[in-house]
file my_file03.csv (CSV, C-alpha atoms and all ligand atoms)
chain,number,residue,atom,x,y,z
N,1,MET,CA,-20.0,35.6,-10.0
N,2,LYS,CA,-22.0,38.7,-11.1
N,3,ALA,CA,-25.4,38.5,-12.8
N,4,ASP,CA,-24.7,40.3,-16.1
N,5,SER,CA,-27.4,41.4,-18.5
N,6,ALA,CA,-27.3,38.2,-20.6
N,7,VAL,CA,-27.9,36.1,-17.4
N,8,LEU,CA,-30.7,38.4,-16.3
N,9,GLN,CA,-32.4,38.2,-19.6
N,10,LYS,CA,-32.3,34.4,-19.6
N,11,ALA,CA,-33.4,34.2,-16.0
N,12,GLU,CA,-36.4,36.4,-16.7
N,13,ALA,CA,-37.4,34.1,-19.6
N,14,ILE,CA,-37.0,31.0,-17.4
N,15,LEU,CA,-39.0,32.4,-14.4
N,16,ALA,CA,-41.8,33.5,-16.7
N,17,LYS,CA,-42.4,29.9,-17.5
N,18,TYR,CA,-41.1,28.0,-14.5
N,19,PRO,CA,-41.3,29.1,-10.8
N,20,LEU,CA,-37.9,28.3,-9.3
N,21,CYS,CA,-36.4,28.6,-5.8
N,22,ASN,CA,-33.2,30.7,-5.4
N,23,SER,CA,-31.0,27.7,-5.3
N,24,CYS,CA,-32.5,26.0,-8.4
N,25,LEU,CA,-32.3,29.4,-10.3
N,26,GLY,CA,-28.8,30.2,-9.3
N,27,ARG,CA,-27.6,26.7,-10.0
N,28,GLN,CA,-28.3,27.1,-13.7
N,29,PHE,CA,-25.7,29.9,-13.9
N,30,ALA,CA,-23.3,29.5,-11.0
N,31,PRO,CA,-20.0,27.8,-11.8
N,32,ARG,CA,-19.5,27.0,-8.1
N,33,LYS,CA,-21.9,25.2,-5.8
N,34,ASP,CA,-21.6,27.5,-2.9
N,35,GLU,CA,-22.5,30.6,-4.9
N,36,GLN,CA,-25.8,29.6,-6.3
N,37,ILE,CA,-28.2,30.7,-3.6
N,38,GLU,CA,-26.6,34.1,-3.4
N,39,LEU,CA,-26.7,34.4,-7.2
N,40,GLY,CA,-30.3,33.3,-7.3
N,41,GLU,CA,-31.2,36.0,-4.8
N,42,GLN,CA,-29.2,38.6,-6.7
N,43,ILE,CA,-30.9,37.8,-10.0
N,44,ARG,CA,-34.3,37.8,-8.4
N,45,LYS,CA,-33.8,41.2,-6.8
N,46,LYS,CA,-32.7,42.7,-10.1
N,47,ILE,CA,-35.6,41.4,-12.1
N,48,ALA,CA,-38.0,41.9,-9.2
N,49,VAL,CA,-39.6,38.4,-9.1
N,50,LYS,CA,-40.5,36.9,-5.7
N,51,GLU,CA,-39.4,33.4,-4.7
N,52,PRO,CA,-42.3,31.0,-5.3
N,53,GLU,CA,-44.0,28.9,-2.7
N,54,ARG,CA,-43.2,25.7,-4.6
N,55,CYS,CA,-40.2,25.3,-6.9
N,56,TYR,CA,-40.9,23.6,-10.2
N,57,LEU,CA,-37.5,21.8,-10.2
N,58,CYS,CA,-36.8,20.6,-6.7
N,59,GLU,CA,-40.4,20.5,-5.4
N,60,GLY,CA,-39.3,22.0,-2.1
N,61,ILE,CA,-36.4,19.6,-1.4
N,62,ILE,CA,-33.9,22.5,-1.2
N,63,LYS,CA,-36.1,24.6,1.1
N,64,ASP,CA,-36.4,21.5,3.4
N,65,ILE,CA,-32.7,20.6,3.2
N,66,ASP,CA,-31.9,21.6,6.7
N,67,HIS,CA,-34.6,19.5,8.1
N,68,THR,CA,-33.6,16.5,5.9
N,69,ALA,CA,-30.0,16.9,7.0
N,70,LYS,CA,-31.0,17.1,10.6
N,71,ASN,CA,-32.8,13.7,10.4
N,72,VAL,CA,-29.8,12.1,8.7
N,73,ILE,CA,-27.5,13.5,11.4
N,74,GLU,CA,-29.7,12.1,14.1
N,75,VAL,CA,-29.7,8.7,12.5
N,76,LEU,CA,-25.9,8.8,12.0
N,77,ARG,CA,-25.3,9.5,15.7
N,78,GLY,CA,-26.1,5.8,16.1
N,79,TYR,CA,-23.0,4.8,14.2
N,80,LYS,CA,-19.3,5.0,14.9
N,81,PHE,CA,-17.4,6.1,11.8
N,82,LYS,CA,-14.8,8.4,10.5
N,83,THR,CA,-15.5,8.7,6.8
N,84,PHE,CA,-18.8,8.8,4.9
N,85,LEU,CA,-20.4,9.2,1.5
N,86,VAL,CA,-23.8,10.6,0.7
N,87,GLY,CA,-26.1,9.6,-2.1
N,88,ALA,CA,-29.6,10.9,-3.0
N,89,SER,CA,-32.5,9.0,-4.3
N,90,ILE,CA,-34.9,11.3,-6.2
N,91,PRO,CA,-37.6,10.5,-8.7
N,92,HIS,CA,-36.5,10.3,-12.3
N,93,SER,CA,-39.1,12.9,-13.3
N,94,ILE,CA,-37.2,15.5,-11.3
N,95,ILE,CA,-34.0,14.8,-13.1
N,96,GLU,CA,-35.8,14.8,-16.4
N,97,ASN,CA,-37.4,18.2,-15.7
N,98,GLU,CA,-34.0,19.8,-15.0
N,99,ASP,CA,-32.5,18.3,-18.2
N,100,THR,CA,-35.5,19.5,-20.3
N,101,LEU,CA,-35.2,23.0,-18.8
N,102,ARG,CA,-31.5,23.2,-19.5
N,103,ALA,CA,-32.0,22.0,-23.1
N,104,GLU,CA,-34.8,24.5,-23.6
N,105,PHE,CA,-32.8,27.5,-22.4
N,106,LYS,CA,-29.4,26.2,-23.6
N,107,LEU,CA,-27.9,26.2,-20.1
N,108,LYS,CA,-24.6,24.6,-19.7
N,109,GLY,CA,-22.1,23.9,-16.9
N,110,GLY,CA,-24.4,24.1,-13.8
N,111,SER,CA,-24.3,21.3,-11.3
N,112,SER,CA,-27.3,19.0,-11.0
N,113,LEU,CA,-30.0,19.0,-8.3
N,114,LYS,CA,-28.8,15.6,-7.1
N,115,ALA,CA,-25.2,16.9,-6.7
N,116,GLU,CA,-26.6,19.9,-4.8
N,117,ILE,CA,-28.6,17.8,-2.4
N,118,THR,CA,-25.7,15.5,-1.6
N,119,SER,CA,-23.1,18.2,-1.1
N,120,ALA,CA,-25.5,20.2,1.0
N,121,ILE,CA,-26.1,17.3,3.3
N,122,ALA,CA,-22.5,16.2,3.3
N,123,LYS,CA,-21.4,19.7,4.4
N,124,ARG,CA,-23.8,19.7,7.3
N,125,ILE,CA,-22.7,16.2,8.4
N,126,GLU,CA,-19.0,17.4,8.3
N,127,ASN,CA,-19.8,20.5,10.3
N,128,VAL,CA,-22.0,18.9,12.9
N,129,LEU,CA,-20.5,15.5,13.4
N,130,LYS,CA,-16.9,16.4,12.5
N,131,LYS,CA,-16.6,13.5,10.1
N,132,LYS,CA,-14.8,13.3,6.8
N,133,PHE,CA,-16.4,13.1,3.4
N,134,GLY,CA,-14.5,10.5,1.6
N,135,ALA,CA,-15.4,8.8,-1.7
N,136,ARG,CA,-12.8,6.0,-1.4
N,137,ASN,CA,-13.8,3.2,0.9
N,138,PRO,CA,-16.0,5.2,3.2
N,139,ASP,CA,-16.9,3.7,6.6
N,140,VAL,CA,-20.6,4.4,6.0
N,141,VAL,CA,-22.7,5.3,2.9
N,142,VAL,CA,-25.9,7.1,3.5
N,143,VAL,CA,-28.5,7.4,0.8
N,144,VAL,CA,-31.1,10.0,1.4
N,145,ASN,CA,-34.6,10.0,0.0
N,146,PRO,CA,-35.7,13.7,0.5
N,147,ILE,CA,-39.2,13.2,-1.0
N,148,GLU,CA,-40.2,10.1,1.0
N,149,LYS,CA,-38.2,11.5,4.0
N,150,PHE,CA,-36.1,8.5,4.9
N,151,GLN,CA,-32.5,7.4,4.6
N,152,THR,CA,-30.6,4.2,4.5
N,153,VAL,CA,-27.3,3.9,6.2
N,154,THR,CA,-24.9,1.1,5.1
N,155,PRO,CA,-21.7,0.7,7.0
N,156,ARG,CA,-18.9,-1.1,5.3
N,157,SER,CA,-18.1,-4.6,6.5
N,158,LEU,CA,-15.4,-5.3,9.0
N,159,PHE,CA,-13.4,-8.5,9.3
N,160,VAL,CA,-12.4,-10.2,12.5
N,161,THR,CA,-9.9,-12.9,13.0
N,162,ALA,CA,-10.0,-14.9,16.2
N,163,ARG,CA,-9.7,-18.4,17.7
N,164,TYR,CA,-12.0,-20.6,19.5
N,165,THR,CA,-11.6,-23.6,21.8
N,166,LYS,CA,-14.3,-26.2,22.6
N,167,VAL,CA,-14.1,-28.3,25.8
N,168,LYS,CA,-17.5,-29.9,25.5
N,169,ARG,CA,-18.3,-32.8,23.2
N,170,GLY,CA,-21.3,-32.9,20.9
N,171,ILE,CA,-21.2,-29.3,19.8
N,172,PRO,CA,-21.0,-28.9,16.0
N,173,GLN,CA,-19.0,-26.1,14.5
N,174,LYS,CA,-21.6,-24.8,12.1
N,175,LYS,CA,-25.2,-23.9,12.7
N,176,GLN,CA,-27.5,-26.8,12.0
N,177,ARG,CA,-30.3,-26.6,9.5
N,178,CYS,CA,-33.9,-26.7,10.7
N,179,ASN,CA,-35.2,-30.3,10.4
N,180,ASP,CA,-38.7,-29.2,9.5
N,181,CYS,CA,-37.8,-27.1,6.5
N,182,ASN,CA,-34.3,-28.1,5.7
N,183,GLY,CA,-33.1,-24.5,5.7
N,184,LYS,CA,-35.9,-22.9,3.7
N,185,GLY,CA,-37.5,-21.2,6.7
N,186,CYS,CA,-40.7,-22.2,8.4
N,187,PRO,CA,-42.7,-21.3,11.6
N,188,THR,CA,-40.6,-23.9,13.7
N,189,CYS,CA,-37.4,-22.0,13.1
N,190,SER,CA,-39.0,-18.5,13.0
N,191,TRP,CA,-38.1,-18.4,9.3
N,192,SER,CA,-34.4,-18.4,10.0
N,193,GLY,CA,-33.8,-21.8,8.3
N,194,PHE,CA,-31.7,-22.9,11.3
N,195,ALA,CA,-32.3,-25.1,14.2
N,196,ASP,CA,-32.1,-23.6,17.7
N,197,THR,CA,-29.4,-26.1,18.8
N,198,PRO,CA,-26.0,-25.1,20.2
N,199,SER,CA,-23.1,-24.6,17.8
N,200,VAL,CA,-19.8,-22.8,17.8
N,201,GLU,CA,-21.1,-20.6,15.0
N,202,SER,CA,-24.3,-19.5,16.8
N,203,ALA,CA,-22.4,-19.0,20.1
N,204,VAL,CA,-19.8,-16.8,18.5
N,205,ALA,CA,-22.3,-14.9,16.4
N,206,ASP,CA,-24.5,-14.3,19.4
N,207,TYR,CA,-21.5,-12.6,21.0
N,208,LEU,CA,-20.1,-10.7,18.0
N,209,VAL,CA,-23.4,-9.3,16.6
N,210,PRO,CA,-24.3,-7.2,19.6
N,211,MET,CA,-20.6,-6.3,20.3
N,212,PHE,CA,-20.4,-4.6,16.9
N,213,GLY,CA,-24.1,-3.7,16.6
N,214,SER,CA,-24.0,-5.5,13.3
N,215,ARG,CA,-26.8,-7.0,11.2
N,216,LYS,CA,-25.2,-10.4,10.9
N,217,VAL,CA,-21.9,-12.2,10.8
N,218,LYS,CA,-20.6,-14.5,8.1
N,219,PHE,CA,-17.9,-17.1,9.0
N,220,SER,CA,-14.9,-18.6,7.2
N,221,TRP,CA,-13.5,-21.4,9.2
N,222,VAL,CA,-9.8,-22.5,9.1
N,223,GLY,CA,-10.8,-26.1,8.9
N,224,SER,CA,-13.4,-28.0,10.8
N,225,GLU,CA,-13.6,-30.9,13.3
N,226,ASP,CA,-16.1,-33.6,14.3
N,227,ASP,CA,-19.1,-32.6,16.5
N,228,GLU,CA,-17.7,-34.9,19.1
N,229,SER,CA,-14.2,-33.5,19.0
N,230,LEU,CA,-12.7,-31.1,21.5
N,231,VAL,CA,-10.6,-28.1,20.3
N,232,LEU,CA,-7.8,-27.5,22.7
N,233,GLY,CA,-4.6,-25.6,23.0
N,234,ASN,CA,-4.7,-22.2,21.3
N,235,GLY,CA,-7.8,-23.1,19.5
N,236,ARG,CA,-8.9,-23.0,15.9
N,237,PRO,CA,-8.6,-19.8,13.9
N,238,PHE,CA,-11.6,-18.4,12.0
N,239,TYR,CA,-12.5,-15.3,10.1
N,240,ALA,CA,-15.8,-13.4,10.4
N,241,GLU,CA,-17.2,-10.8,8.2
N,242,ILE,CA,-19.1,-8.3,10.4
N,243,ILE,CA,-21.9,-7.1,8.2
N,244,GLU,CA,-23.2,-3.6,8.7
N,245,PRO,CA,-21.5,-2.8,12.0
N,246,LYS,CA,-22.5,0.2,14.0
N,247,LYS,CA,-19.2,0.1,15.9
N,248,ARG,CA,-15.9,-0.3,14.1
N,249,LYS,CA,-13.5,-0.7,17.1
N,250,VAL,CA,-13.5,-3.2,19.9
N,251,ALA,CA,-10.9,-3.6,22.6
N,252,ALA,CA,-8.6,-6.6,22.2
N,253,ALA,CA,-9.6,-7.9,25.6
N,254,LYS,CA,-13.2,-8.5,24.3
N,255,PHE,CA,-11.8,-11.3,22.2
N,256,HIS,CA,-10.8,-13.3,25.3
N,257,THR,CA,-14.0,-14.6,26.8
N,258,ARG,CA,-16.0,-17.6,27.7
N,259,LEU,CA,-19.1,-18.3,25.7
N,260,LYS,CA,-21.9,-20.8,26.0
N,261,HIS,CA,-21.5,-24.6,25.7
N,262,GLY,CA,-17.8,-24.9,26.6
N,263,ILE,CA,-16.8,-22.6,23.8
N,264,GLU,CA,-14.2,-19.9,24.5
N,265,LEU,CA,-12.8,-17.1,22.4
N,266,LYS,CA,-9.0,-17.0,22.7
N,267,GLY,CA,-8.0,-13.7,21.3
N,268,GLY,CA,-8.6,-11.9,18.0
N,269,LYS,CA,-8.6,-8.6,16.3
N,270,VAL,CA,-10.4,-6.4,13.8
N,271,LEU,CA,-9.1,-6.3,10.3
N,272,GLU,CA,-9.9,-3.5,8.0
N,273,GLU,CA,-9.4,-5.5,4.8
N,274,ARG,CA,-11.0,-8.7,3.6
N,275,PRO,CA,-8.7,-11.6,4.4
N,276,LEU,CA,-7.5,-13.9,1.6
N,277,PRO,CA,-10.1,-16.5,0.8
N,278,GLU,CA,-7.9,-19.6,1.4
N,279,VAL,CA,-5.5,-20.0,4.3
N,280,SER,CA,-3.1,-22.9,4.6
N,281,PHE,CA,-2.7,-24.5,8.0
N,282,GLU,CA,-1.3,-27.4,9.9
N,283,LEU,CA,-3.0,-29.2,12.7
N,284,VAL,CA,-2.2,-31.6,15.4
N,285,ALA,CA,-5.0,-34.1,16.3
N,286,GLU,CA,-5.1,-36.9,18.9
N,287,ALA,CA,-7.2,-39.7,17.6
N,288,ASN,CA,-8.6,-42.5,19.8
N,289,ILE,CA,-8.4,-45.6,17.7
N,290,GLU,CA,-9.9,-49.1,18.1
N,291,ALA,CA,-8.6,-52.0,16.0
N,292,SER,CA,-10.5,-55.2,15.5
N,293,LYS,CA,-7.4,-57.3,16.4
N,294,PRO,CA,-4.9,-56.8,19.2
N,295,VAL,CA,-2.2,-54.4,18.1
N,296,LYS,CA,1.5,-55.0,18.7
N,297,LYS,CA,4.4,-52.7,19.3
N,298,ALA,CA,5.7,-53.4,15.9
N,299,ASP,CA,2.3,-52.3,14.4
N,300,LEU,CA,2.6,-48.9,16.1
N,301,ARG,CA,6.2,-48.6,15.0
N,302,LYS,CA,5.1,-49.4,11.4
N,303,ILE,CA,2.5,-46.6,11.3
N,304,ALA,CA,4.8,-44.1,12.9
N,305,THR,CA,7.4,-44.8,10.2
N,306,THR,CA,4.9,-44.9,7.3
N,307,PHE,CA,3.3,-41.6,8.2
N,308,ARG,CA,6.4,-39.5,8.2
N,309,ASN,CA,6.2,-36.7,5.6
N,310,LEU,CA,3.9,-38.8,3.6
N,311,ASP,CA,1.7,-37.4,0.9
N,312,ALA,CA,-1.6,-39.3,1.0
N,313,SER,CA,-4.6,-39.0,-1.3
N,314,GLN,CA,-7.9,-38.0,0.1
N,315,TYR,CA,-11.2,-38.0,-1.8
N,316,SER,CA,-13.1,-34.8,-1.6
N,317,PRO,CA,-16.8,-35.4,-2.2
N,318,ASN,CA,-17.4,-31.7,-2.6
N,319,LYS,CA,-14.8,-31.2,-5.3
N,320,MET,CA,-15.3,-34.8,-6.6
N,321,LYS,CA,-11.6,-35.5,-6.9
N,322,PHE,CA,-8.7,-36.8,-5.0
N,323,LEU,CA,-6.6,-34.2,-3.1
N,324,THR,CA,-3.1,-34.6,-1.7
N,325,LYS,CA,-2.8,-34.3,2.0
N,326,ARG,CA,0.6,-34.4,3.8
N,327,VAL,CA,1.0,-36.2,7.1
N,328,PHE,CA,4.2,-34.8,8.7
N,329,ALA,CA,4.4,-37.1,11.7
N,330,LEU,CA,2.5,-39.6,13.7
N,331,LYS,CA,3.1,-40.9,17.2
N,332,ALA,CA,1.2,-43.9,18.5
N,333,GLU,CA,0.7,-44.9,22.1
N,334,GLN,CA,-0.9,-48.2,23.2
N,335,VAL,CA,-3.9,-47.8,25.5
N,336,SER,CA,-5.1,-51.4,25.7
N,337,SER,CA,-4.8,-54.5,23.7
N,338,LYS,CA,-6.9,-53.2,20.8
N,339,LYS,CA,-6.9,-49.5,21.5
N,340,PHE,CA,-4.3,-46.9,20.8
N,341,LYS,CA,-4.0,-43.2,20.6
N,342,ALA,CA,-2.3,-41.5,17.6
N,343,THR,CA,-1.0,-38.0,17.7
N,344,ILE,CA,-1.0,-36.8,14.1
N,345,ARG,CA,0.5,-33.7,12.8
N,346,CYS,CA,-0.8,-33.1,9.3
N,347,GLU,CA,-1.8,-30.6,6.6
N,348,GLY,CA,-5.0,-28.6,7.2
N,349,GLY,CA,-8.1,-30.2,5.7
N,350,THR,CA,-6.9,-33.8,6.4
N,351,ASN,CA,-9.9,-35.9,7.3
N,352,ILE,CA,-8.7,-37.5,10.5
N,353,LYS,CA,-11.5,-40.1,10.6
N,354,LYS,CA,-10.8,-41.2,7.0
N,355,LEU,CA,-7.1,-41.2,7.7
N,356,VAL,CA,-7.7,-43.8,10.4
N,357,GLN,CA,-10.5,-45.8,8.8
N,358,GLY,CA,-9.7,-45.5,5.1
N,359,ASN,CA,-13.3,-45.6,4.1
N,360,HIS,CA,-12.8,-47.8,1.0
N,361,LEU,CA,-9.7,-46.0,-0.2
N,362,GLU,CA,-11.2,-42.6,0.2
N,363,PHE,CA,-8.0,-42.0,2.1
N,364,SER,CA,-4.9,-43.9,1.1
N,365,PRO,CA,-2.7,-45.0,2.7
N,366,SER,CA,-4.8,-45.1,5.9
N,367,ILE,CA,-3.9,-46.6,9.2
N,368,SER,CA,-6.3,-49.5,8.5
N,369,GLU,CA,-4.6,-50.1,5.2
N,370,VAL,CA,-1.1,-50.0,6.7
N,371,LEU,CA,-2.0,-52.3,9.5
N,372,GLY,CA,-4.1,-54.6,7.3
N,373,ASP,CA,-6.9,-54.4,9.9
N,374,SER,CA,-10.0,-52.4,10.2
N,375,CYS,CA,-9.4,-49.5,12.6
N,376,ASN,CA,-12.1,-47.1,13.7
N,377,VAL,CA,-12.1,-43.9,15.8
N,378,ASN,CA,-14.0,-44.1,19.1
N,379,ALA,CA,-17.6,-43.1,18.5
N,380,LYS,CA,-17.8,-40.9,21.6
N,381,LYS,CA,-14.3,-39.5,21.6
N,382,PRO,CA,-13.2,-39.7,18.0
N,383,PHE,CA,-10.3,-37.2,18.0
N,384,ASP,CA,-9.4,-33.9,19.5
N,385,ILE,CA,-7.6,-31.0,18.0
N,386,THR,CA,-4.7,-29.8,20.1
N,387,SER,CA,-3.1,-27.2,17.7
N,388,VAL,CA,-4.0,-25.3,14.6
N,389,LYS,CA,-1.3,-23.2,13.0
N,390,VAL,CA,-1.6,-21.0,10.0
N,391,VAL,CA,1.3,-21.7,7.7
N,392,GLU,CA,2.6,-20.9,4.2
N,393,LYS,CA,1.1,-23.0,1.5
N,394,ILE,CA,2.9,-26.3,0.6
N,395,VAL,CA,4.3,-26.0,-2.8
N,396,ARG,CA,4.1,-29.3,-4.6
N,397,LYS,CA,6.4,-30.1,-7.4
N,398,PRO,CA,4.8,-31.9,-10.3
N,399,GLN,CA,5.3,-35.6,-9.7
N,400,PRO,CA,7.4,-37.4,-12.4
N,401,ILE,CA,5.5,-40.2,-14.1
N,402,PRO,CA,7.1,-43.6,-13.2
N,403,ALA,CA,8.9,-45.1,-16.2
N,404,GLU,CA,6.8,-48.3,-16.3
N,405,THR,CA,3.6,-46.3,-16.9
N,406,ILE,CA,4.9,-44.6,-20.0
N,407,PRO,CA,3.8,-46.7,-23.0
N,408,ALA,CA,6.6,-47.9,-25.1
N,409,GLU,CA,6.8,-46.3,-28.5
N,410,SER,CA,5.6,-48.6,-31.3
N,501,ZN,ZN,-35.7,24.4,-6.2
N,502,ZN,ZN,-37.6,-24.4,9.6
call {"tool": "encode", "arguments": {"input": "my_file03.csv", "output": "structure tokens", "more": "lines below"}}
Ligand SMILES: [Zn+2]
Ligand SMILES: [Zn+2]
result
Amino acid sequence: MKADSAVLQKAEAILAKYPLCNSCLGRQFAPRKDEQIELGEQIRKKIAVKEPERCYLCEGIIKDIDHTAKNVIEVLRGYKFKTFLVGASIPHSIIENEDTLRAEFKLKGGSSLKAEITSAIAKRIENVLKKKFGARNPDVVVVVNPIEKFQTVTPRSLFVTARYTKVKRGIPQKKQRCNDCNGKGCPTCSWSGFADTPSVESAVADYLVPMFGSRKVKFSWVGSEDDESLVLGNGRPFYAEIIEPKKRKVAAAKFHTRLKHGIELKGGKVLEERPLPEVSFELVAEANIEASKPVKKADLRKIATTFRNLDASQYSPNKMKFLTKRVFALKAEQVSSKKFKATIRCEGGTNIKKLVQGNHLEFSPSISEVLGDSCNVNAKKPFDITSVKVVEKIVRKPQPIPAETIPAES
């Protein structure tokens, strides 16, 4: 673009009132971002006005842009990413000044100072770090504050799916709340709200957080088990959101490892997309059951026949309603006169303890109910999980209402 006489006239009027740097001057007239500094220089030469020490519009931000970009690039070297987005945080007064100036001199079409800052920094990041500027789903977003001289880098979350096994009893799946503050945060728990006791969650998080250089990890479990249960076989799947990771790739071998407290990671992978919120699964549990009366062979046969593709109802205290849980198969083995072991294959989310005990019809039919005896799981070894399989959701047809419950028409 050439500075014609109309542009020169207007520029002269602007500069008589407001001292502007070449970039802020050229930006008011240049249709393209990469032309503005050159255009600013050209105008200034023609009307013989020197570039001021301090620019009225950008307050020196543009003059300092190389330095600002250098700092951003140094910080970004600590992150592994392919695509990025840049934003700028500048005082509102600066934006207002530019708007007022443009209104006063009837200037239209120039890009804004904010756009200039972000594109100048983005260009330098692309050139130096060889990364791609991408507005859609970028790996990292950097917001620069050129006045206060700092930047915030926010990497996009990653998701991990993996499995764990647990060969030691007494380890809860989830982190336990701090007893002193009940999760609010206090000096005892160093304000974390959590007790410093072992759990699957803390062992896995302690492994994943440094591996990804992330700020924290948020878990979604595919079901849960008792603290005293073992998790055997291929283990239980879970999903973890890796929040603000500095690394985005991890070798598959890293997901096979022994952690603390008899917990082991049994394979996993990084997902780029957030997984679906609810997964359907099936599990096989081995329950150690104690009856109050001696059990006979016929009793064991009876429960095996009853719990074959049976839809039972289970009360969910969280949802405050009864849910249907399918038991696909049950195999019972006598251990001693009053003790037996049941291998139960059932729908995910089935409460194994309640399935055995019944808990006052919170689960019905239960093994206790079918045997007409009160059965309990062993306190020390209640049940172990031997398999968890992610499956397609069970589609339940609406149940027809039995005829006798339909009131006769009057
Ligand atoms: Zn300026
Ligand atoms: Zn506490």
call {"tool": "closest_atom_pairs", "arguments": {"input": "my_file03.csv", "of": "chain N", "to": "ligand ZN 501 (chain N)", "cutoff": "6 Å", "atoms": "only C-alpha atoms and all ligand atoms", "output": "Markdown table"}}
result
| residue | atom | partner | partner_atom | distance |
| --- | --- | --- | --- | --- |
| N:Leu20 | CA | N:ZN501 | ZN | 5.4 |
| N:Cys21 | CA | N:ZN501 | ZN | 4.3 |
| N:Ser23 | CA | N:ZN501 | ZN | 5.8 |
| N:Cys24 | CA | N:ZN501 | ZN | 4.2 |
| N:Cys55 | CA | N:ZN501 | ZN | 4.6 |
| N:Leu57 | CA | N:ZN501 | ZN | 5.1 |
| N:Cys58 | CA | N:ZN501 | ZN | 4.0 |
| N:Gly60 | CA | N:ZN501 | ZN | 6.0 |
| N:Ile62 | CA | N:ZN501 | ZN | 5.6 |
call {"tool": "write_last_selection", "arguments": {"input": "my_file03.csv", "atoms": "C-alpha atoms", "output": "tab-separated table (two decimals), keeping the file's coordinate frame"}}
result
chain	number	residue	atom	x	y	z
N	20	LEU	CA	-37.90	28.30	-9.30
N	21	CYS	CA	-36.40	28.60	-5.80
N	23	SER	CA	-31.00	27.70	-5.30
N	24	CYS	CA	-32.50	26.00	-8.40
N	55	CYS	CA	-40.20	25.30	-6.90
N	57	LEU	CA	-37.50	21.80	-10.20
N	58	CYS	CA	-36.80	20.60	-6.70
N	60	GLY	CA	-39.30	22.00	-2.10
N	62	ILE	CA	-33.90	22.50	-1.20
call {"tool": "closest_residue", "arguments": {"input": "my_file03.csv", "among": "N:Ala332, N:Val167, N:Ile243, N:Leu300", "to": "Leu265 of chain N", "atoms": "only C-alpha atoms"}}
result
N:Val167
call {"tool": "closest_residue", "arguments": {"input": "my_file03.csv", "among": "N:Lys82, N:Lys269, N:Lys106, N:Lys130", "to": "Tyr239 of chain N", "atoms": "all atoms listed in the file"}}
result
N:Lys269
call {"tool": "residues_near_ligand", "arguments": {"input": "my_file03.csv", "ligand": "ligand ZN 502 (chain N)", "cutoff": "12 Å", "atoms": "all atoms listed in the file", "output": "JSON, numbers by chain"}}
result
{"N": [176, 177, 178, 179, 180, 181, 182, 183, 184, 185, 186, 187, 188, 189, 190, 191, 192, 193, 194, 195, 196]}
call {"tool": "closest_residue", "arguments": {"input": "my_file03.csv", "among": "N:Leu283, N:Ala6, N:Ala342, N:Val204", "to": "Gly223 of chain N", "atoms": "only C-alpha atoms"}}
result
N:Leu283
call {"tool": "residues_around", "arguments": {"input": "my_file03.csv", "residues": "Leu76 of chain N", "least_positions_apart": "5", "cutoff": "12 Å", "atoms": "only C-alpha atoms", "output": "NGL selection string"}}
result
:N and (69-71 or 81-86 or 122 or 125-126 or 128-131 or 139-144 or 151-155 or 246-247)
call {"tool": "atom_distance", "arguments": {"input": "my_file03.csv", "atom1": "atom CA of Gly262 of chain N", "atom2": "atom CA of Ser199 of chain N"}}
result
10.3 Å
call {"tool": "closest_residue", "arguments": {"input": "my_file03.csv", "among": "N:Tyr56, N:Ala120, N:Lys132, N:Glu104", "to": "Gly87 of chain N", "atoms": "all atoms listed in the file"}}
result
N:Ala120
call {"tool": "closest_residue", "arguments": {"input": "my_file03.csv", "among": "N:Pro138, N:Gly235, N:Gly40, N:Pro245", "to": "Lys266 of chain N", "atoms": "all atoms listed in the file"}}
result
N:Gly235
call {"tool": "closest_residue", "arguments": {"input": "my_file03.csv", "among": "N:Ile303, N:Leu323, N:Ile352, N:Leu101", "to": "Lys17 of chain N", "atoms": "all atoms listed in the file"}}
result
N:Leu101
call {"tool": "closest_atom_pairs", "arguments": {"input": "my_file03.csv", "of": "segment 313-389 of chain N", "to": "segment 212-222 of chain N", "cutoff": "9 Å", "atoms": "only C-alpha atoms", "output": "tab-separated table"}}
result
residue	atom	partner	partner_atom	distance
N:Gly348	CA	N:Val222	CA	8.0
N:Gly349	CA	N:Val222	CA	8.6
N:Val388	CA	N:Val222	CA	8.5
call {"tool": "write_last_selection", "arguments": {"input": "my_file03.csv", "atoms": "C-alpha atoms", "output": "PDB file, in the coordinates of the input"}}
result
ATOM      1  CA  GLY N 348      -5.000 -28.600   7.200  1.00  0.00           C
ATOM      2  CA  GLY N 349      -8.100 -30.200   5.700  1.00  0.00           C
ATOM      3  CA  VAL N 388      -4.000 -25.300  14.600  1.00  0.00           C
TER       4      VAL N 388
END
call {"tool": "atom_distance", "arguments": {"input": "my_file03.csv", "atom1": "atom CA of Phe105 of chain N", "atom2": "atom CA of Leu8 of chain N"}}
result
12.7 Å
call {"tool": "residues_around", "arguments": {"input": "my_file03.csv", "residues": "Val391 of chain N", "least_positions_apart": "5", "cutoff": "8 Å", "atoms": "only C-alpha atoms", "output": "ChimeraX atom specification"}}
result
/N:279-282
call {"tool": "residues_near_point", "arguments": {"input": "my_file03.csv", "point": "(-5.5, -29.4, 16.0)", "cutoff": "6 Å", "atoms": "all atoms listed in the file", "output": "list in words"}}
result
Leu283, Val284, Ala285, Ile385, Thr386, Ser387 and Val388 of chain N
call {"tool": "write_last_selection", "arguments": {"input": "my_file03.csv", "atoms": "C-alpha atoms", "output": "PDB file, in the frame of the given file"}}
result
ATOM      1  CA  LEU N 283      -3.000 -29.200  12.700  1.00  0.00           C
ATOM      2  CA  VAL N 284      -2.200 -31.600  15.400  1.00  0.00           C
ATOM      3  CA  ALA N 285      -5.000 -34.100  16.300  1.00  0.00           C
ATOM      4  CA  ILE N 385      -7.600 -31.000  18.000  1.00  0.00           C
ATOM      5  CA  THR N 386      -4.700 -29.800  20.100  1.00  0.00           C
ATOM      6  CA  SER N 387      -3.100 -27.200  17.700  1.00  0.00           C
ATOM      7  CA  VAL N 388      -4.000 -25.300  14.600  1.00  0.00           C
TER       8      VAL N 388
END
